[in-house]
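These notes concern the structure reproduced below.
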Protein chains: 2
Amino acid sequence: MKWDTLDEEPCSLSRTVAVVGDRWTLLILRECFLRVRRFEGFQSSLQITRHLLSERLKKLVRFGILRRVPYSEAPKRYEYILTQKGLDLYPIIMAMVHWGDTHMGDERGRPLLHEHKTCGKQFDPVMVCSECGETLHAKQVHVHAGPGRKEMTGL
Amino acid sequence: MKWDTLDEEPCSLSRTVAVVGDRWTLLILRECFLRVRRFEGFQSSLQITRHLLSERLKKLVRFGILRRVPYSEAPKRYEYILTQKGLDLYPIIMAMVHWGDTHMGDERGRPLLHEHKTCGKQFDPVMVCSECGETLHAKQVHVHAGPGRKEMTGL
DNA sequence: AGCTATAGTTCTAAAATAGAACTGTCAAAT
DNA sequence: ATTTGACAGTTCTATTTTAGAACTATAGCT
């Protein structure tokens with residue numbers, strides 16, 4: 001496939017997959033949300049090869065998900081900070097964490113617990129309809145082509 | 001990396017990534033939610049090589065996300081149906097679609113629109129706290145180690 | 001001058017993917 | 001009775017990606 005133009009397909013899922021649809025990128029983003037910011041930090045916690053880490057970070061910067069911000073002049077050193085576009089990936093990451101909690105758990109229990117500072121409780125993420133607030137299920141959703149598409153061949 | 005044992009890591013994100021963390025798998029799942037069920041259907045709409053499609057479908061069946069159901073004896077033919085575990089991936093897919101709609105759009109407008117049959121309106125998915133119902137934002141969440149983990153190195 | 005920390009780049013071997021052709025079963029058409 | 005076509009894969013080679021390790025560069029510290 002022409003993965004290099006996947007981000008221009010008339011399908012929002014394809015476009016997202018073009019940016020975050022590989023294993024290393026998702027794991028790097030996990031570290032970002034856990035407040036890792038530096039090259040050595042990513043490298044040592046993920047055991048990713050330096051080459052690939054360098055490449056993935058460049059790609060995330062190119063797509064505007066991370067900002068490369070200097071934190072030291074002489075020697076010039078940079079750290080990688082989530083932009084708003086990057087922070088907006090949180091529902092994707094949390095949805096994946098929640099699915100893993102639900103369907104891939106073992107006898108040891110959940111690896112991590114999430115506390116909502118606003119209400120103080122331990123929570124799970126729930127996806128709801130922006131209009132009526134009801135929990136969303138695949139079967140209650142009808143999909144139809146929008147302006148960005150003639151024929152229907154994607155999500 | 002040892003991608004073959006990623007699904008046993010003490011991290012729910014890793015475990016999910018082990019199953020759906022590659023481009024073809026995500027695109028195959030998109031087709032599943034668009035009601036594609038058969039080998040030829042996936043192959044022709046995705047232009048994936050038959051080899052990879054075969055391999056990915058096997059993997060999804062192995063992980064219990066699709067069921068391989070016969071729809072014809074003589075010749076034996078099968079179709080691939082989402083299980084409940086598979087249907088539960090919907091929030092992940094929708095979160096990705098929504099991020100794409102928001103951040104990867106072009107002048108042509110959205111490729112697809114989603115209608116919530118329950119309320120009849122065109123909607124966006126929103127991720128809320130299961131306890132208080134408020135919209136979730138990364139910065140309002142505090143993460144701490146659960147029973148499935150001693151040290152904290154994941155989500 | 002030598003050691004360490006940080007942030008990469010370069011190199012080769014191994015693994016994954018692309019692309020096309022091939023296999024096998026059966027139904028319908030000639 | 002033989003050919004054609006649909007379906008669901010499998011097999012093969014060439015190309016691309018990734019793994020793993022070593023190397024480069026800048027600067028502070030002793």
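The way I read the labels, and the way they are meant: chains A, B, ... in the order of the structure tokens, residue 1 as the first residue of every chain, and ligand 1 as the first ligand shown, with later ones counted on from there.
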
(request) Could you please select, counting only C-alpha atoms (C1' of nucleotides), the residues of chain C within 9 Å of chain A and state them as a list in words? (result)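 Filtering chain C at 9 Å from chain A with only C-alpha atoms (C1' of nucleotides) gives DT6, DA7, DG8, DT9 and DA18 of chain C.
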
(message) Only residues of chain A matter here; which ones have an atom within 7 Å of chain B, counting only C-alpha atoms? Give them as a PyMOL selection string.
(response) chain A and resi 10-13+15-17+21-23+30+85+87+89-92+95-97+99-101+103-104+108-119+121+123-132+138+140-149+155

(message) Distance cut-off 8 Å, counting only C-alpha atoms (C1' of nucleotides) - which residues of chain D neighbour chain A? Return them as a list in words.
(response) DT18, DA19, DG20, DT26 and DA27 of chain D

(message) Report, in Å with one decimal, the straight-line distance from atom C1' of D:DT3 to atom C1' of C:DC22.
(response) 18.6 Å

(request) Please give the complete set of residues from stretch 3-144 of chain B that DSSP, run on the backbone, assigns to alpha helix (DSSP H), formatted as an MDAnalysis selection string. (result) chainID B and resid 12:20 23:33 39:46 50:62 84:87 90:103

(request) Quick one: pull the distance between atom CA of A:Ser44 and atom C1' of D:DA21, Å, one decimal. (result)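 Between atom CA of A:Ser44 and atom C1' of D:DA21 the gap works out to 15.4 Å.
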